[in-house]
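To start, the structure itself, in structure tokens.
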There are 2 protein chains.
Amino acid sequence: MLISEVETPAVVVDLDVMERNLSRMAEYCRTQKIKLRPHTKSHKIPQLAKMQVESGANGITVAKLGEAEVMLDSGITDILIAYPLVGKAKATHLAELSRRANITVSLDSEEAARSISEEVSARNLKAEILVELDVGFARCGVANEDDALILAQKISELPGLVFKGLMFFPGQFVVGSNERASLRSHVNSLLDRTLETFDRAAMPVSTVSGGSTPTAYEAHMFHGVNEIRPGMYIFNDRNMVGIGVARLEDCALSVVVTVVSTSVAGRSIIDGGSKTFSSDRYLAGDGKGFGLIREDPAVELESFSEEHGHMNIKRSQHRYRVGDRLSVIPNHVCSTVNMHNEIYGVRGDHVETVWEVAGRGKVR
Amino acid sequence: MLISEVETPAVVVDLDVMERNLSRMAEYCRTQKIKLRPHTKSHKIPQLAKMQVESGANGITVAKLGEAEVMLDSGITDILIAYPLVGKAKATHLAELSRRANITVSLDSEEAARSISEEVSARNLKAEILVELDVGFARCGVANEDDALILAQKISELPGLVFKGLMFFPGQFVVGSNERASLRSHVNSLLDRTLETFDRAAMPVSTVSGGSTPTAYEAHMFHGVNEIRPGMYIFNDRNMVGIGVARLEDCALSVVVTVVSTSVAGRSIIDGGSKTFSSDRYLAGDGKGFGLIREDPAVELESFSEEHGHMNIKRSQHRYRVGDRLSVIPNHVCSTVNMHNEIYGVRGDHVETVWEVAGRGKVR
């Protein structure tokens, strides 16, 4: 099948670009001797997770137990659930999954640690635990080196738990290499203090898991980091281009859409809106626009209804007609893929494969 | 099963409230002799569409052919696709579906009309067509009464098409009854001119389809409107409360979440973010916040990561603990339901039913 025959809206991935993105990251990690554990939230597709592992990843990261299960069912056996699992039901689910795979969990509270301990130890199993450290994003994570040590020591005492190391997510919004350097310096001073504290307490830290796509290629400059968890790098998106960590030609994923209305002066309407792309905003530049029209960057994709994209065409030279097809780079690939039951892998003009987004909707 | 036993995050619908919302709208339409054709985009669940029809709706509205098919498979046979179907593939799909049900399509271009005409007439079938009129929202719809008449006349001449009437969507953002009155007056002057123009041309307009949840209970004040297409009224949401067309006690749908982290001062983190709620903004008031915490309105649900909701708890009296459960009224129900594979119907504290969101992901 040709791309031009795919009904719209459709998410298409340029396989050449995606494979280049995967190789480049794997090569960087090999060279730097840093483990690569891609976050599969960006695609939720077992076949892609396997390609990541085959091209050099040491395992994968997921956010949810349901996603872990989908990945495990497809044969992936080294999974980090980078999300605090809270409550008996989730701890039980984790314990059952850990019979089948090497599963690590990150957390930042004694409550989460205790319930996991109870369920895994009741089954004579083990769970490996990373303590999450807040490096200024102010989401999850203990506040400082002392709290990290206290929690790590509690974990070591709890039956069934193995303290494995530290995890952090540098999710602060930064644009450009200068801002990233300043973020890194902040993170490094906390990492230094924490590693010293653990060293003094004779508490071994075998994993320091950092990373995100924006900081991935600077992972070797984060002190002690020996594993990273980038997600978006497989596809990249308008935000990654906007903050300066990818080029347009590194964007592997587009949404192919059709112009469905040109009745309103100064506008053309495409058949994709917030239920095709998500409503995620552009985080860089002027913050405007909901995607980049590859064929016509003069168009502003100004707003979304659920099923309509409102293109402001006032600055465009092109005269749009009903039926025109366009490809749009979304602001945020993770949220866009999550809207779809399947996505298309294309090589040149040809559809080579169709993947089911099998982890989609596994919200628990 | 008790609600307290449902694993989070989970979308739960209070059945008593939902049934009251359905009855009230059906009763209003009966009294006003206006046909009710609910937009099922708000739930995408055939069982709920059937409840709407059983409680008095004359048919349903969908946005996509794939959604129409799901509804048709469940036995609903009167469907308006309120979306311009563009291209041969969609026209063919429509023609095949129209063998099995009474399907009407809205459009605003000769291109869309021609391709539908070709496919339905080739099969000796008929498609009923509404011409969409732009009433100022500037999305789809012909600009004025003259363009509407020209398109209606072309439709009448095309084989296989039956011109049925007019459709409009008053989607402009308005808050409060004064702003709604001003919107109505604008819409009415266009409706008056258009109905006069069609009357002079002896072109009968059997359907004038208006409506949306914000304008639904004022439908009788729109000139000539004999059908409405509200969607959100079945559940309501924070936006509907914010713009003054629903009360908090009319909100049938909540997302039950769990506090998963309290490590960061001034914040508590819940296990639902943009992949649970969508990133849709609050359209009223100060525009802030991504949902309303029913148990603690002093909390601001300040921002979302994909799987985390960031609660600013600085103004709250409550001391949050990991494991606390909360229920959140989302900003926009349509986008929230669309994130989930299933939702729970509850009566009091008990889960009475679980519905599959069968139309989810039917993007084409």
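By order in the structure tokens, chains are A, B, ...; within a chain, residues start at 1; ligands start at 1, following the order shown.
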
Which residues of chain B sit at most 8 Å from chain A, using only C-alpha atoms? Give each one's shortest atom pair and distance in Å (one decimal place), in chain and ascending residue order, as a Markdown table.
```
| residue | atom | partner | partner_atom | distance |
| --- | --- | --- | --- | --- |
| B:Glu7 | CA | A:Arg364 | CA | 7.1 |
| B:Thr8 | CA | A:Arg364 | CA | 6.4 |
| B:Pro9 | CA | A:Arg364 | CA | 6.4 |
| B:Ala63 | CA | A:Glu307 | CA | 7.4 |
| B:Pro84 | CA | A:Val260 | CA | 6.2 |
| B:Leu85 | CA | A:Val260 | CA | 7.3 |
| B:Val86 | CA | A:Val260 | CA | 6.0 |
| B:Gly87 | CA | A:Gly323 | CA | 6.5 |
| B:Ala89 | CA | A:Glu7 | CA | 7.4 |
| B:Asp108 | CA | A:Ser263 | CA | 6.9 |
| B:Ser109 | CA | A:Ser261 | CA | 7.0 |
| B:Glu111 | CA | A:Val322 | CA | 6.7 |
| B:Ala112 | CA | A:Val322 | CA | 7.8 |
| B:Asp134 | CA | A:Val264 | CA | 7.8 |
| B:Ala138 | CA | A:Val264 | CA | 5.8 |
| B:Arg139 | CA | A:Val264 | CA | 6.7 |
| B:Cys140 | CA | A:Ser261 | CA | 6.0 |
| B:Gly141 | CA | A:Ser263 | CA | 6.0 |
| B:Val142 | CA | A:Ser263 | CA | 5.4 |
| B:Ala143 | CA | A:Val264 | CA | 6.6 |
| B:Thr258 | CA | A:Val86 | CA | 7.9 |
| B:Val260 | CA | A:Val86 | CA | 6.1 |
| B:Ser261 | CA | A:Cys140 | CA | 6.0 |
| B:Thr262 | CA | A:Cys140 | CA | 7.5 |
| B:Ser263 | CA | A:Val142 | CA | 5.4 |
| B:Val264 | CA | A:Ala138 | CA | 5.9 |
| B:Arg267 | CA | A:Arg139 | CA | 7.8 |
| B:Ile269 | CA | A:Arg139 | CA | 6.8 |
| B:Ser274 | CA | A:Ser335 | CA | 7.9 |
| B:Lys275 | CA | A:Ser335 | CA | 7.0 |
| B:Thr276 | CA | A:Val363 | CA | 7.1 |
| B:Ser278 | CA | A:Ser278 | CA | 7.0 |
| B:Ser279 | CA | A:Ser279 | CA | 5.5 |
| B:Asp280 | CA | A:Ser279 | CA | 6.0 |
| B:Glu306 | CA | A:Ser335 | CA | 7.7 |
| B:Glu307 | CA | A:Ala63 | CA | 7.4 |
| B:His308 | CA | A:Arg139 | CA | 8.0 |
| B:His310 | CA | A:Arg139 | CA | 6.8 |
| B:Val322 | CA | A:Glu111 | CA | 6.7 |
| B:Gly323 | CA | A:Val86 | CA | 6.2 |
| B:Ser335 | CA | A:Lys275 | CA | 7.0 |
| B:Asn338 | CA | A:Lys275 | CA | 7.6 |
| B:Met339 | CA | A:Gly361 | CA | 6.5 |
| B:His340 | CA | A:Gly361 | CA | 5.4 |
| B:Asn341 | CA | A:Gly361 | CA | 5.6 |
| B:Gly361 | CA | A:His340 | CA | 5.4 |
| B:Lys362 | CA | A:Asn341 | CA | 7.9 |
| B:Val363 | CA | A:Pro9 | CA | 6.8 |
| B:Arg364 | CA | A:Thr8 | CA | 6.4 |
```

For this session: Please provide the set of residues having any atom within 9 Å of range 199-208 of chain A, restricted to only C-alpha atoms, with same-chain residues fewer than 4 positions apart removed, written as JSON, numbers by chain.
Result: {"A": [130, 149, 152, 153, 163, 164, 165, 166, 167, 168, 194, 195, 224, 225, 226, 227, 228]}

Problem set entry | For Pro214 in chain A: contacts at 12 Å, only C-alpha atoms, fewer than 6 positions along chain excluded, given as a PyMOL selection string | chain A and resi 169-177+179-181+183-184+228-233+236-237+239-246

Using the selection just defined, write its residues with C-alpha atoms as a compact mmCIF listing (two decimals), in the first residue's frame.
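File out_18.txt, as written:
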```txt
# COMPACT_ATOMS: atom_id res chain seq x y z
CA PHE A 169 13.70 12.95 36.16
CA PRO A 170 15.08 16.34 35.07
CA GLY A 171 11.73 17.45 33.67
CA GLN A 172 12.18 21.17 34.19
CA PHE A 173 11.42 23.13 31.08
CA VAL A 174 14.66 24.40 29.56
CA VAL A 175 15.43 25.71 26.09
CA GLY A 176 18.87 25.62 24.51
CA SER A 177 22.24 24.35 25.68
CA GLU A 179 19.79 26.52 30.12
CA ARG A 180 20.49 22.80 30.00
CA ALA A 181 23.99 23.41 31.40
CA LEU A 183 19.99 22.57 35.00
CA ARG A 184 22.82 20.03 34.86
CA ILE A 228 19.13 6.83 31.00
CA ARG A 229 15.45 6.59 30.14
CA PRO A 230 14.74 8.75 27.08
CA GLY A 231 11.37 8.18 25.40
CA MET A 232 10.65 10.68 22.67
CA TYR A 233 13.99 10.28 20.86
CA ASN A 236 11.04 13.37 18.16
CA ASP A 237 8.44 16.11 17.77
CA ASN A 239 8.73 20.45 21.06
CA MET A 240 12.06 18.63 20.76
CA VAL A 241 12.90 20.75 17.70
CA GLY A 242 11.70 23.88 19.50
CA ILE A 243 13.91 23.38 22.54
CA GLY A 244 16.88 22.58 20.34
CA VAL A 245 17.53 18.86 20.89
CA ALA A 246 16.36 17.56 17.51
```

Exercise. Where in range 71-235 of chain A does DSSP assign helix (DSSP H, G or I), given as a PyMOL selection string?
Worked result: chain A and resi 71-73+88-98+110-122+145-157+176-200+213-216+219-221+232-234

For this session: From range 268-362 of chain A, collect each residue whose DSSP state is strand (DSSP E) and return the set as a PyMOL selection string.
Result: chain A and resi 268-270+291-293+300-304+309-312+325-330+342-347+350-356

Preceding selection exported with C-alpha atoms as a compact mmCIF listing (two decimals), in the first residue's frame:
```txt
# COMPACT_ATOMS: atom_id res chain seq x y z
CA SER A 268 -8.73 25.71 6.19
CA ILE A 269 -9.89 22.86 8.35
CA ILE A 270 -8.12 19.49 8.60
CA GLY A 291 1.67 21.21 15.20
CA LEU A 292 3.89 22.02 12.26
CA ILE A 293 2.58 21.52 8.71
CA GLU A 300 -0.45 28.25 11.82
CA LEU A 301 -2.33 25.27 13.21
CA GLU A 302 -4.10 27.70 15.46
CA SER A 303 -6.55 25.67 17.51
CA PHE A 304 -8.24 22.31 17.81
CA GLY A 309 -7.72 21.29 13.19
CA HIS A 310 -8.16 24.99 12.52
CA MET A 311 -5.44 26.20 10.15
CA ASN A 312 -4.88 29.93 9.90
CA ARG A 325 -3.45 15.98 2.08
CA LEU A 326 -0.88 17.34 4.51
CA SER A 327 1.50 15.89 7.09
CA VAL A 328 1.74 17.44 10.50
CA ILE A 329 4.52 17.08 13.08
CA PRO A 330 2.72 17.02 16.43
CA GLU A 342 -2.61 1.68 15.26
CA ILE A 343 0.19 3.53 13.53
CA TYR A 344 1.81 3.00 10.14
CA GLY A 345 5.49 2.35 9.48
CA VAL A 346 6.50 3.68 6.06
CA ARG A 347 9.61 3.45 3.93
CA HIS A 350 5.27 2.60 0.88
CA VAL A 351 3.57 1.34 4.00
CA GLU A 352 5.82 -1.42 5.28
CA THR A 353 3.99 -2.30 8.47
CA VAL A 354 1.07 -1.44 10.72
CA TRP A 355 1.58 -1.62 14.48
CA GLU A 356 -1.14 -1.92 17.07
```

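Each of B:Ile79, B:Leu151, B:Asp192, B:Gly160 was checked against Ala95 in chain B using only C-alpha atoms; the smallest atom-to-atom distance is that of B:Gly160.
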